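Participant: File entry_12.txt below, compact mmCIF, C-alpha atoms and all ligand atoms:
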```txt
# COMPACT_ATOMS: atom_id res chain seq x y z
CA MET A 1 0.00 0.00 0.00
CA PRO A 2 1.45 3.33 -1.01
CA GLY A 3 0.11 5.07 2.09
CA SER A 4 1.55 2.66 4.60
CA SER A 5 4.83 2.41 2.75
CA ALA A 6 5.09 6.17 2.66
CA SER A 7 4.54 6.39 6.42
CA ARG A 8 6.98 3.61 7.03
CA ASN A 9 9.40 5.39 4.81
CA SER A 10 9.04 8.68 6.62
CA ALA A 11 9.39 6.95 9.97
CA GLU A 12 12.70 5.58 8.76
CA ARG A 13 13.72 8.99 7.57
CA ILE A 14 12.97 10.55 10.91
CA GLN A 15 14.77 7.79 12.71
CA PHE A 16 17.88 8.30 10.67
CA GLY A 17 17.00 11.89 9.96
CA ARG A 18 18.59 11.58 6.57
CA THR A 19 18.77 14.68 4.47
CA GLU A 20 15.53 15.13 2.62
CA GLU A 21 14.67 17.56 -0.11
CA PRO A 22 11.54 19.60 0.61
CA GLN A 23 8.46 17.48 0.02
CA PRO A 24 5.16 18.80 -1.32
CA PRO A 25 2.12 18.44 0.92
CA ALA A 26 -0.34 17.04 -1.60
CA GLN A 27 -0.40 15.12 -4.81
CA PHE A 28 0.27 17.15 -7.90
CA PRO A 29 -1.14 16.74 -11.37
CA ASP A 30 0.85 14.36 -13.50
CA CYS A 31 4.28 15.62 -14.38
CA GLN A 32 4.47 16.64 -17.98
CA PRO A 33 7.33 16.76 -20.42
CA ALA A 34 8.60 20.15 -21.55
CA VAL A 35 7.46 21.15 -25.00
CA THR A 36 11.07 21.63 -26.03
CA GLY A 37 12.06 18.05 -25.33
CA ILE A 38 11.47 14.97 -27.37
CA LEU A 39 8.67 13.13 -25.64
CA SER A 40 9.84 9.75 -24.55
CA VAL A 41 7.31 7.88 -22.50
CA THR A 42 7.65 4.27 -21.62
CA SER A 43 5.74 2.20 -19.17
CA MET A 44 7.17 -1.18 -18.57
CA THR A 45 7.94 -3.88 -16.17
CA LEU A 46 11.67 -3.86 -16.38
CA PRO A 47 13.79 -6.80 -17.37
CA SER A 48 16.47 -8.28 -15.22
CA ALA A 49 20.01 -7.07 -15.06
CA PHE A 50 21.82 -5.74 -18.04
CA VAL A 51 25.25 -7.24 -17.86
CA ARG A 52 27.92 -7.64 -20.45
CA THR A 53 30.05 -10.52 -19.32
CA ALA A 54 29.11 -14.15 -19.13
CA ALA A 55 30.24 -14.31 -15.53
CA ALA A 56 28.12 -11.36 -14.58
CA ILE A 57 25.13 -12.76 -16.45
CA THR A 58 25.50 -16.01 -14.56
CA THR A 59 25.76 -14.20 -11.25
CA ALA A 60 22.77 -11.98 -11.96
CA ALA A 61 20.67 -14.86 -13.23
CA ALA A 62 21.49 -16.93 -10.17
CA ALA A 63 20.69 -14.04 -7.86
CA LEU A 64 17.44 -13.38 -9.69
CA ALA A 65 16.44 -17.02 -9.58
CA LEU A 66 17.21 -17.20 -5.90
CA GLY A 67 15.36 -13.97 -5.28
CA SER A 68 12.37 -15.13 -7.29
CA ALA A 69 12.17 -18.37 -5.41
CA LEU A 70 12.52 -16.87 -1.97
CA HIS A 71 10.88 -13.51 -2.37
CA ALA A 72 8.27 -13.75 -5.06
CA GLU A 73 6.16 -11.28 -3.09
CA ILE A 74 8.57 -8.39 -3.64
CA PRO A 75 7.26 -6.48 -6.67
CA GLU A 76 9.42 -5.29 -9.55
CA PRO A 77 9.66 -1.50 -9.81
CA ARG A 78 7.71 0.27 -12.54
CA PHE A 79 8.69 3.68 -13.85
CA ARG A 80 7.28 6.02 -16.47
CA ALA A 81 10.17 7.81 -18.17
CA LEU A 82 9.90 11.40 -19.39
CA THR A 83 12.56 13.25 -21.30
CA ILE A 84 12.79 16.84 -20.05
CA ASP A 85 15.68 18.16 -22.13
CA THR A 86 17.57 16.75 -25.11
CA ASN A 87 20.12 19.56 -25.39
CA VAL A 88 22.19 18.99 -22.28
CA ALA A 89 25.91 19.62 -22.90
CA ILE A 90 27.36 17.55 -20.04
CA GLY A 91 24.83 17.58 -17.20
CA TYR A 92 27.43 17.72 -14.44
CA GLY A 93 25.16 18.09 -11.44
CA LEU A 94 21.54 18.08 -10.26
CA ALA A 95 19.78 19.50 -7.24
CA ILE A 96 16.10 19.15 -6.41
CA ALA A 97 14.44 21.99 -4.49
CA ASP A 98 11.47 24.30 -4.68
CA ILE A 99 12.84 27.33 -6.50
CA ASP A 100 9.64 29.35 -7.01
CA GLY A 101 7.94 28.62 -3.68
CA ASP A 102 4.88 26.80 -5.07
CA LYS A 103 5.73 23.78 -2.88
CA ARG A 104 6.47 21.61 -5.92
CA PRO A 105 10.12 20.49 -6.11
CA ASP A 106 11.89 21.82 -9.19
CA ILE A 107 14.96 20.44 -10.96
CA VAL A 108 18.18 22.49 -10.97
CA LEU A 109 20.77 21.48 -13.53
CA CYS A 110 24.41 22.52 -13.50
CA ASP A 111 25.48 22.21 -17.12
CA LYS A 112 28.77 23.01 -18.80
CA GLU A 113 28.03 26.64 -19.54
CA GLU A 114 24.72 27.38 -17.86
CA ILE A 115 22.74 26.93 -14.68
CA ALA A 116 19.07 26.27 -15.28
CA TRP A 117 16.01 25.22 -13.37
CA TYR A 118 13.08 23.29 -14.77
CA GLN A 119 9.74 24.30 -13.31
CA ASN A 120 7.47 21.58 -11.99
CA PRO A 121 5.00 20.40 -13.32
CA LYS A 122 5.52 21.39 -16.99
CA TRP A 123 9.29 21.57 -16.72
CA GLU A 124 9.77 24.89 -18.51
CA LYS A 125 13.48 25.63 -18.58
CA HIS A 126 14.75 28.85 -17.00
CA VAL A 127 18.43 29.67 -17.50
CA ILE A 128 19.56 31.73 -14.51
CA ALA A 129 23.32 31.96 -15.09
CA ARG A 130 25.64 31.54 -18.06
CA LYS A 131 29.38 30.93 -18.22
CA LEU A 132 30.30 31.94 -14.70
CA THR A 133 33.88 30.94 -15.52
CA ALA A 134 35.82 30.27 -18.73
CA LEU A 135 36.12 26.65 -17.60
CA ASP A 136 33.06 24.45 -17.06
CA HIS A 137 30.56 24.69 -14.22
CA VAL A 138 30.66 21.44 -12.25
CA CYS A 139 28.28 21.31 -9.29
CA VAL A 140 25.23 22.94 -7.75
CA ALA A 141 23.56 23.09 -4.33
CA ALA A 142 19.96 24.19 -3.82
CA ALA A 143 17.99 24.33 -0.57
CA ASP A 144 15.88 26.81 1.34
CA ILE A 145 18.44 28.14 3.80
CA ASP A 146 16.41 31.03 5.24
CA GLY A 147 13.01 29.38 5.64
CA ASP A 148 11.02 31.49 3.17
CA GLY A 149 10.03 28.45 1.12
CA LYS A 150 12.24 29.30 -1.87
CA ALA A 151 15.61 27.66 -2.40
CA GLU A 152 18.96 29.41 -2.41
CA ILE A 153 21.52 28.27 -4.99
CA ALA A 154 25.31 27.96 -4.98
CA VAL A 155 27.45 26.81 -7.90
CA GLY A 156 30.92 25.31 -8.26
CA ALA A 157 32.79 26.08 -11.49
CA GLY A 158 36.25 26.60 -12.98
CA TRP A 159 36.44 22.85 -13.48
CA ASN A 160 39.78 21.39 -14.49
CA PRO A 161 40.73 18.32 -12.45
CA GLY A 162 44.16 18.35 -14.10
CA ASP A 163 44.99 21.73 -12.54
CA THR A 164 45.22 21.20 -8.80
CA GLU A 165 46.72 24.64 -8.18
CA ASN A 166 44.67 27.22 -10.03
CA SER A 167 41.34 25.70 -11.05
CA GLY A 168 38.05 25.97 -9.20
CA ALA A 169 35.50 28.67 -8.44
CA LEU A 170 32.54 29.01 -6.12
CA PHE A 171 29.53 31.29 -6.36
CA TYR A 172 26.41 32.15 -4.45
CA LEU A 173 23.62 33.28 -6.78
CA ILE A 174 21.42 36.15 -5.62
CA PRO A 175 17.91 35.65 -6.99
CA PRO A 176 15.95 38.42 -8.69
CA ALA A 177 12.32 38.98 -7.66
CA ASP A 178 11.31 36.94 -10.71
CA ARG A 179 13.30 33.78 -10.22
CA THR A 180 12.97 32.78 -13.87
CA GLN A 181 15.30 35.68 -14.76
CA PRO A 182 19.14 35.74 -14.46
CA TRP A 183 20.52 35.54 -10.92
CA THR A 184 23.53 37.60 -9.77
CA PRO A 185 26.70 35.64 -8.94
CA VAL A 186 28.77 36.50 -5.87
CA ALA A 187 32.23 34.91 -5.90
CA LEU A 188 33.27 33.07 -2.73
CA PRO A 189 36.77 31.96 -1.72
CA HIS A 190 37.55 28.47 -2.96
CA GLN A 191 40.01 25.61 -3.11
CA PRO A 192 41.36 24.15 -6.37
CA THR A 193 39.18 21.46 -8.05
CA VAL A 194 35.90 22.41 -6.37
CA HIS A 195 33.76 19.39 -7.28
CA ARG A 196 30.75 18.73 -4.97
CA ILE A 197 28.78 21.19 -2.84
CA ARG A 198 25.69 20.80 -0.66
CA TRP A 199 23.78 22.92 1.87
CA VAL A 200 24.10 21.20 5.25
CA ARG A 201 22.51 21.93 8.63
CA ASP A 202 24.99 22.56 11.44
CA TRP A 203 24.79 22.19 15.23
CA GLN A 204 23.30 25.67 15.57
CA ASN A 205 20.55 24.82 13.09
CA ARG A 206 22.17 27.00 10.44
CA MET A 207 22.28 25.97 6.80
CA THR A 208 25.89 26.12 5.73
CA LEU A 209 27.55 25.41 2.40
CA ILE A 210 29.92 22.44 2.36
CA SER A 211 32.50 22.18 -0.41
CA VAL A 212 34.36 18.95 -1.13
CA PRO A 213 37.00 19.44 -3.83
CA LEU A 214 38.30 16.43 -5.74
CA HIS A 215 42.01 16.91 -5.03
CA GLY A 216 44.29 18.48 -2.49
CA ARG A 217 46.29 21.49 -3.59
CA GLY A 218 49.19 20.52 -5.82
CA ASN A 219 48.23 16.82 -5.98
CA ASN A 220 49.05 14.66 -8.95
CA PRO A 221 45.47 14.10 -10.12
CA GLY A 222 46.18 10.56 -11.23
CA LYS A 223 47.74 9.35 -8.02
CA GLY A 224 45.96 11.62 -5.57
CA GLU A 225 48.98 11.97 -3.34
CA GLY A 226 50.30 14.91 -1.38
CA ALA A 227 48.30 17.50 0.53
CA GLY A 228 44.88 16.32 1.69
CA VAL A 229 41.67 17.72 0.24
CA LYS A 230 40.40 20.75 2.15
CA ILE A 231 36.76 20.04 2.96
CA GLN A 232 35.30 23.44 3.83
CA ARG A 233 32.24 24.93 5.46
CA TYR A 234 30.93 28.36 4.44
CA LEU A 235 28.68 30.33 6.81
CA PRO A 236 26.33 32.61 4.86
CA PRO A 237 26.28 36.19 6.17
CA ALA A 238 22.98 38.11 6.38
CA ASN A 239 24.02 39.97 3.25
CA PRO A 240 25.54 37.42 0.85
CA ARG A 241 27.82 40.11 -0.58
CA ASP A 242 29.55 40.37 2.81
CA GLU A 243 32.41 38.09 3.79
CA TRP A 244 31.52 34.43 4.30
CA LYS A 245 33.25 32.78 7.25
CA VAL A 246 35.14 29.71 5.99
CA GLU A 247 36.25 26.76 8.13
CA VAL A 248 38.29 23.73 7.15
CA LEU A 249 36.56 20.58 8.46
CA ASN A 250 39.07 18.00 7.32
CA GLU A 251 42.20 17.78 5.19
CA SER A 252 43.29 14.17 5.46
CA PHE A 253 41.77 12.47 2.38
CA HIS A 254 42.48 12.25 -1.34
CA LYS A 255 40.31 11.89 -4.44
CA THR A 256 37.20 12.82 -2.49
CA HIS A 257 34.80 12.41 -5.39
CA ASN A 258 31.46 12.78 -3.58
CA PHE A 259 29.76 13.09 -0.19
CA ASP A 260 26.34 12.70 1.42
CA PRO A 261 24.95 14.92 4.20
CA VAL A 262 23.34 12.46 6.62
CA GLN A 263 21.99 12.06 10.13
CA TRP A 264 24.56 9.76 11.69
CA ASP A 265 23.85 10.19 15.40
CA THR A 266 21.29 11.70 17.76
CA ASP A 267 22.25 15.37 17.66
CA PRO A 268 20.36 17.62 15.24
CA ALA A 269 23.41 18.60 13.18
CA GLN A 270 23.98 16.72 9.96
CA GLU A 271 27.10 14.66 9.55
CA LEU A 272 28.97 14.02 6.27
CA LEU A 273 29.69 10.69 4.65
CA VAL A 274 32.70 11.20 2.42
CA ALA A 275 33.91 8.88 -0.36
CA ALA A 276 37.68 8.99 -0.85
CA LYS A 277 40.63 7.02 -2.11
CA GLU A 278 41.11 6.02 1.55
CA GLY A 279 37.54 4.63 1.82
CA VAL A 280 34.29 5.96 3.31
CA PHE A 281 34.34 8.12 6.43
CA ALA A 282 31.70 9.79 8.60
CA LEU A 283 32.76 13.31 9.51
CA ASN A 284 31.20 14.34 12.80
CA TRP A 285 31.63 17.26 15.16
CA SER A 286 33.06 16.17 18.52
CA SER A 287 32.31 18.62 21.29
CA THR A 288 34.79 16.86 23.57
CA GLN A 289 37.62 17.16 21.06
CA ASN A 290 36.34 20.50 19.75
CA ALA A 291 37.04 19.30 16.22
CA TYR A 292 35.67 17.25 13.37
CA THR A 293 36.45 13.58 13.72
CA ALA A 294 36.49 11.07 10.87
CA GLU A 295 35.00 7.68 11.70
CA PRO A 296 36.17 4.98 9.27
CA VAL A 297 33.18 3.18 7.73
CA GLY A 298 34.21 1.60 4.41
CA SER A 299 37.57 0.19 3.41
CA ASP A 300 40.01 1.36 0.73
CA GLU A 301 39.73 -1.99 -1.08
CA ASN A 302 39.65 -1.73 -4.89
CA GLY A 303 41.04 1.81 -4.69
CA GLY A 304 38.53 3.25 -2.23
CA CYS A 305 35.20 4.84 -3.17
CA GLY A 306 33.96 7.58 -5.47
CA GLU A 307 30.23 7.77 -4.73
CA VAL A 308 28.49 7.28 -1.38
CA ARG A 309 24.92 7.38 -0.03
CA LEU A 310 23.36 6.38 3.27
CA GLY A 311 20.42 4.00 3.12
CA SER A 312 18.23 1.95 5.43
CA LEU A 313 17.66 -1.78 5.60
CA GLY A 314 14.69 -1.15 7.87
CA SER A 315 14.23 -1.74 11.58
CA GLY A 316 16.87 0.83 12.41
CA LYS A 317 19.59 -0.92 10.40
CA ARG A 318 21.73 1.28 8.24
CA MET A 319 23.61 0.55 5.06
CA VAL A 320 26.10 2.64 3.12
CA ALA A 321 26.10 2.24 -0.66
CA ALA A 322 29.21 3.17 -2.61
CA VAL A 323 30.79 3.03 -6.05
CA SER A 324 34.32 1.65 -5.88
CA PRO A 325 36.74 3.00 -6.91
CA MET A 326 36.17 6.56 -8.23
CA HIS A 327 34.52 6.17 -11.67
CA GLY A 328 34.52 2.53 -10.75
CA ASN A 329 33.27 -0.89 -11.74
CA GLN A 330 31.91 -2.01 -8.38
CA LEU A 331 28.70 -1.19 -6.57
CA VAL A 332 29.29 -2.12 -2.94
CA VAL A 333 27.20 -2.00 0.20
CA PHE A 334 28.67 -1.62 3.66
CA THR A 335 26.65 -2.91 6.62
CA PRO A 336 27.48 -2.39 10.30
CA ARG A 337 29.44 -4.89 12.31
CA ALA A 338 27.56 -6.95 14.84
CA ALA A 339 26.92 -5.28 18.19
CA GLY A 340 30.07 -5.15 20.23
CA GLU A 341 32.35 -5.54 17.21
CA SER A 342 34.45 -2.61 16.13
CA GLY A 343 36.27 -1.89 12.92
CA LEU A 344 35.26 -1.20 9.36
CA TRP A 345 31.79 -2.16 8.22
CA ASN A 346 31.25 -5.39 6.27
CA ARG A 347 31.79 -4.93 2.55
CA ARG A 348 29.64 -6.72 -0.03
CA VAL A 349 30.04 -6.34 -3.80
CA LEU A 350 26.66 -6.11 -5.54
CA GLU A 351 27.83 -5.36 -9.10
CA GLU A 352 31.24 -5.65 -10.71
CA ALA A 353 30.52 -4.74 -14.32
CA LEU A 354 29.71 -1.03 -14.02
CA VAL A 355 31.50 0.98 -16.67
CA ASP A 356 32.42 4.26 -15.02
CA GLY A 357 29.90 4.25 -12.16
CA HIS A 358 29.12 7.88 -11.41
CA ALA A 359 25.80 8.38 -9.58
CA LEU A 360 24.07 6.79 -6.63
CA ALA A 361 20.95 7.08 -4.49
CA CYS A 362 19.14 5.09 -1.80
CA ALA A 363 15.35 5.27 -1.50
CA ASP A 364 12.36 3.03 -0.93
CA PHE A 365 10.77 3.11 -4.39
CA LEU A 366 8.87 -0.12 -3.73
CA GLY A 367 7.49 0.69 -0.28
CA LEU A 368 9.26 -2.26 1.30
CA GLY A 369 10.26 -0.48 4.49
CA ARG A 370 13.89 -0.77 3.40
CA ASP A 371 15.71 1.16 0.73
CA GLN A 372 16.76 0.09 -2.72
CA ILE A 373 19.99 1.33 -4.29
CA VAL A 374 20.00 3.11 -7.65
CA VAL A 375 23.29 3.35 -9.52
CA GLY A 376 24.04 5.09 -12.82
CA TRP A 377 27.07 4.75 -15.03
CA ARG A 378 28.27 6.76 -18.00
CA ALA A 379 31.06 4.87 -19.82
CA MET A 380 32.97 8.09 -20.40
CA GLY A 381 35.78 7.73 -22.92
CA LYS A 382 34.50 4.32 -24.02
CA PRO A 383 33.28 3.39 -27.51
CA ARG A 384 29.61 4.17 -27.97
CA ASN A 385 28.78 0.48 -28.22
CA VAL A 386 29.50 0.18 -24.50
CA LYS A 387 26.07 0.55 -22.96
CA VAL A 388 25.19 3.15 -20.34
CA GLY A 389 22.27 3.22 -17.97
CA ILE A 390 20.79 2.96 -14.50
CA LYS A 391 20.14 -0.09 -12.35
CA LEU A 392 18.03 -0.53 -9.22
CA LEU A 393 19.11 -3.08 -6.65
CA THR A 394 16.59 -4.41 -4.17
CA PRO A 395 17.61 -6.04 -0.89
CA LEU A 396 15.57 -9.24 -0.66
CA ASN A 397 16.05 -9.55 3.07
CA ALA A 398 16.63 -7.26 6.02
CA GLU A 399 20.23 -8.37 6.37
CA GLY A 400 21.17 -7.12 2.90
CA THR A 401 22.67 -10.48 1.97
CA GLN A 402 20.50 -11.17 -1.11
CA TRP A 403 19.80 -8.64 -3.83
CA ARG A 404 17.82 -8.41 -7.04
CA THR A 405 19.01 -6.25 -9.94
CA THR A 406 16.55 -4.45 -12.20
CA LEU A 407 17.50 -2.40 -15.23
CA VAL A 408 15.82 1.02 -15.07
CA ASP A 409 17.54 2.59 -18.06
CA ASP A 410 19.00 0.63 -20.96
CA ASP A 411 21.46 2.79 -22.85
CA THR A 412 19.63 6.14 -22.99
CA MET A 413 21.32 7.76 -19.97
CA ALA A 414 25.10 8.19 -19.72
CA CYS A 415 24.51 9.02 -16.10
CA GLU A 416 26.54 11.93 -14.82
CA ASP A 417 24.34 12.58 -11.77
CA LEU A 418 21.04 11.34 -10.39
CA GLN A 419 18.73 12.45 -7.62
CA VAL A 420 15.62 11.12 -5.92
CA ALA A 421 12.60 13.24 -4.98
CA ASP A 422 8.84 12.91 -5.00
CA LEU A 423 8.18 15.13 -8.00
CA ASN A 424 4.42 14.61 -8.29
CA GLY A 425 3.52 14.52 -4.60
CA ASP A 426 2.06 11.01 -4.58
CA GLY A 427 4.31 9.89 -1.73
CA LYS A 428 6.47 7.71 -3.95
CA PRO A 429 10.04 8.74 -4.66
CA ASP A 430 10.83 9.48 -8.31
CA LEU A 431 14.14 9.48 -10.11
CA ILE A 432 15.91 12.31 -11.97
CA ALA A 433 19.12 11.91 -14.00
CA ALA A 434 21.35 13.92 -16.32
CA GLY A 435 23.45 12.38 -19.08
CA ARG A 436 26.77 13.38 -20.58
CA ALA A 437 27.27 11.44 -23.84
CA THR A 438 23.49 11.12 -24.18
CA HIS A 439 22.98 14.91 -23.69
CA ASN A 440 19.69 14.52 -21.84
CA LEU A 441 17.76 15.20 -18.68
CA LYS A 442 15.14 12.60 -17.78
CA ILE A 443 12.78 11.78 -14.96
CA TRP A 444 11.30 8.42 -14.06
CA ILE A 445 7.94 8.72 -12.33
CA ASN A 446 7.58 5.88 -9.87
CA GLU A 447 4.51 3.81 -10.74
CA SER A 448 5.43 0.82 -8.60
CA HIS A 449 2.62 -0.71 -6.62
CA CA B 501 8.42 24.79 -7.42
CA CA B 502 14.95 30.75 0.85
CA CA B 503 23.72 14.50 14.01
CA CA B 504 6.21 10.47 -6.90
```
Output the file's structure as structure tokens, nothing else.

Facilitator:
Amino acid sequence: MPGSSASRNSAERIQFGRTEEPQPPAQFPDCQPAVTGILSVTSMTLPSAFVRTAAAITTAAAALALGSALHAEIPEPRFRALTIDTNVAIGYGLAIADIDGDKRPDIVLCDKEEIAWYQNPKWEKHVIARKLTALDHVCVAAADIDGDGKAEIAVGAGWNPGDTENSGALFYLIPPADRTQPWTPVALPHQPTVHRIRWVRDWQNRMTLISVPLHGRGNNPGKGEGAGVKIQRYLPPANPRDEWKVEVLNESFHKTHNFDPVQWDTDPAQELLVAAKEGVFALNWSSTQNAYTAEPVGSDENGGCGEVRLGSLGSGKRMVAAVSPMHGNQLVVFTPRAAGESGLWNRRVLEEALVDGHALACADFLGLGRDQIVVGWRAMGKPRNVKVGIKLLTPLNAEGTQWRTTLVDDDTMACEDLQVADLNGDGKPDLIAAGRATHNLKIWINESH
């Protein structure tokens, strides 16, 4: 039942307090494709795993057969795909937030040379910034930081991962009264290779901007050795044109490709799960040490991790999903040690045939009371006959020891980034993704029962 699953889902969310995008209060009319995009609507029960190697096919088939035998009651997901934009240059980053204050979540896209938002429910595109730097834009953060119901936006740009001295840029965008018109950029101090930013709630209930660059200053970008990456917090002043206070939270990791603001403990501040060459770590403020501590969660096996998201296996049990290594082939899930045991979490490989895994989310699309994992890959630099797409992995038990793989997208999405949000207000999480080689922005409305 959608209603009971939604309540179960929100109970989980409150328990873990995981970062949630603003949710609309009531169901919206059906989401519609933008008139500018090529309409691509499919409704299907999705086939089993897309895999390219015989070994992987065998593994997936065996897992599916096992899952079918033991858990025939777990439904397959159903999605209705809509293409929102077919002219995306690279589609570096997505953020979902209500930009215009109508309580419907909108889609913000950070593309190579523009920042745009797509207005729910018709998805009209509004370009609000162009070419903030000569180099590409690379990331975007959007959330309502002042409580007026309309999201504030920050952008990372100046992208050149090969220049670990002089690249990078960071901007706060001041909105005009009409938020469909161009916003005014305010440059903030930055580290080289700014790569991922998010608005994160701190221990004083303030929304602060967290920046996680990819490399430490002066690092060899291939090896990721030398100075650690400076993970920074920016405190917005009342007037965004005034000086922003900047704090370094951690500078001990390398190749920190992504992070997830999460609720890791019982205090109201959000903690950060960071994916790095060294593994996965939970950054948490320690009042006794008066500093940020880094709790090791996931190992550096296979070259560490490049994507990370917190999920739930239900009944208060957490899981951490990750792509290993950066731009990697493996989808892994870390689950906590048994009570009383210390050390790194248990590591389980769910997929080994990803080609350039680059996007990840955990959400309960099926209303199971435990999350599924969505992973997208882009096959950058590979021949076009190497397929791209998105898979959804369903834990078939509460221990996370058996999984079923479902193909959500078969070769139409070279997934650069993906996000989950309930776009149409029906209580079921939907999927949003942006593609590089496929030059598209798509949503998948969740029609699972
Ligand atoms: Ca809106
Ligand atoms: Ca606001
Ligand atoms: Ca906390
Ligand atoms: Ca929905």

Participant: If we count all atoms listed in the file and set the cut-off at 9 Å, which residues sit around range 406-412 of chain A, ignoring sequence neighbours fewer than 3 positions away in its own chain? Please answer as a CSV table (one decimal) with C-alpha atoms, keeping the file's coordinate frame.

Facilitator:
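In the end it all went to selection_9.csv:
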```
chain,number,residue,atom,x,y,z
A,46,LEU,CA,11.7,-3.9,-16.4
A,47,PRO,CA,13.8,-6.8,-17.4
A,48,SER,CA,16.5,-8.3,-15.2
A,49,ALA,CA,20.0,-7.1,-15.1
A,50,PHE,CA,21.8,-5.7,-18.0
A,76,GLU,CA,9.4,-5.3,-9.6
A,77,PRO,CA,9.7,-1.5,-9.8
A,78,ARG,CA,7.7,0.3,-12.5
A,79,PHE,CA,8.7,3.7,-13.8
A,374,VAL,CA,20.0,3.1,-7.6
A,376,GLY,CA,24.0,5.1,-12.8
A,386,VAL,CA,29.5,0.2,-24.5
A,387,LYS,CA,26.1,0.6,-23.0
A,388,VAL,CA,25.2,3.2,-20.3
A,389,GLY,CA,22.3,3.2,-18.0
A,390,ILE,CA,20.8,3.0,-14.5
A,391,LYS,CA,20.1,-0.1,-12.4
A,392,LEU,CA,18.0,-0.5,-9.2
A,393,LEU,CA,19.1,-3.1,-6.6
A,394,THR,CA,16.6,-4.4,-4.2
A,415,CYS,CA,24.5,9.0,-16.1
A,435,GLY,CA,23.4,12.4,-19.1
A,438,THR,CA,23.5,11.1,-24.2
A,440,ASN,CA,19.7,14.5,-21.8
A,444,TRP,CA,11.3,8.4,-14.1
```

Participant: Return as CSV the residues of chain A lying at most 10 Å from ligand CA 504 (chain B), together with the closest atom-to-atom pair for each and the distance in Å to one decimal, counting all atoms listed in the file, with rows in chain order and ascending residue number.

Facilitator:
```
residue,atom,partner,partner_atom,distance
A:Gln27,CA,B:CA504,CA,8.3
A:Phe28,CA,B:CA504,CA,9.0
A:Asp30,CA,B:CA504,CA,9.3
A:Cys31,CA,B:CA504,CA,9.3
A:Phe365,CA,B:CA504,CA,9.0
A:Val420,CA,B:CA504,CA,9.5
A:Ala421,CA,B:CA504,CA,7.2
A:Asp422,CA,B:CA504,CA,4.1
A:Leu423,CA,B:CA504,CA,5.2
A:Asn424,CA,B:CA504,CA,4.7
A:Gly425,CA,B:CA504,CA,5.4
A:Asp426,CA,B:CA504,CA,4.8
A:Gly427,CA,B:CA504,CA,5.5
A:Lys428,CA,B:CA504,CA,4.0
A:Pro429,CA,B:CA504,CA,4.8
A:Asp430,CA,B:CA504,CA,4.9
A:Leu431,CA,B:CA504,CA,8.6
A:Trp444,CA,B:CA504,CA,9.0
A:Ile445,CA,B:CA504,CA,6.0
A:Asn446,CA,B:CA504,CA,5.6
A:Glu447,CA,B:CA504,CA,7.9
A:Ser448,CA,B:CA504,CA,9.8
```

Participant: Identify which of the residues A:Gln263, A:Gln419, A:Ser342, A:Gln289 lies closest to Ile443 in chain A, counting only C-alpha atoms when measuring atom-to-atom distances.

Facilitator: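 Smallest separation from Ile443 in chain A among the options: A:Gln419.
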
Participant: Report as a list in words which protein, DNA and RNA residues come within 6 Å of ligand CA 501 (chain B), using all atoms listed in the file.

Facilitator: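 Those residues are Asp98, Ile99, Asp100, Gly101, Asp102, Lys103, Arg104, Pro105, Asp106 and Asn120 of chain A.
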
Participant: Could you report the residues within 9 Å of ligand CA 503 (chain B), using all atoms listed in the file, as a ChimeraX atom specification?

Facilitator: /A:17,202-203,262-271,284-285

Participant: Looking at only C-alpha atoms, which of A:Met207, A:Ala414, A:Ala398, A:Ala434 is the one that sits closest to Lys112 in chain A?

Facilitator: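 Closest residue, counting only C-alpha atoms: A:Ala434.
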
Participant: Starting from the incomplete input, reconstruct N, CA and C atoms of range 172-180 of chain A and write that as a tab-separated table (two decimals), in the coordinates of the input.

Facilitator:
```tsv
chain	number	residue	atom	x	y	z
A	172	TYR	N	27.79	32.11	-4.94
A	172	TYR	CA	26.41	32.15	-4.45
A	172	TYR	C	25.64	32.98	-5.47
A	173	LEU	N	24.43	32.54	-5.81
A	173	LEU	CA	23.62	33.28	-6.78
A	173	LEU	C	22.50	34.03	-6.06
A	174	ILE	N	22.49	35.34	-6.23
A	174	ILE	CA	21.42	36.15	-5.62
A	174	ILE	C	20.23	36.16	-6.57
A	175	PRO	N	19.05	35.72	-6.08
A	175	PRO	CA	17.91	35.65	-6.99
A	175	PRO	C	17.27	37.02	-7.23
A	176	PRO	N	16.77	37.23	-8.46
A	176	PRO	CA	15.95	38.42	-8.69
A	176	PRO	C	14.54	38.15	-8.17
A	177	ALA	N	13.71	39.18	-8.13
A	177	ALA	CA	12.32	38.98	-7.66
A	177	ALA	C	11.63	37.92	-8.51
A	178	ASP	N	11.84	37.97	-9.81
A	178	ASP	CA	11.31	36.94	-10.71
A	178	ASP	C	12.41	35.89	-10.91
A	179	ARG	N	12.23	34.78	-10.26
A	179	ARG	CA	13.30	33.78	-10.22
A	179	ARG	C	13.52	33.05	-11.53
A	180	THR	N	12.72	33.37	-12.54
A	180	THR	CA	12.97	32.78	-13.87
A	180	THR	C	14.01	33.60	-14.63
```
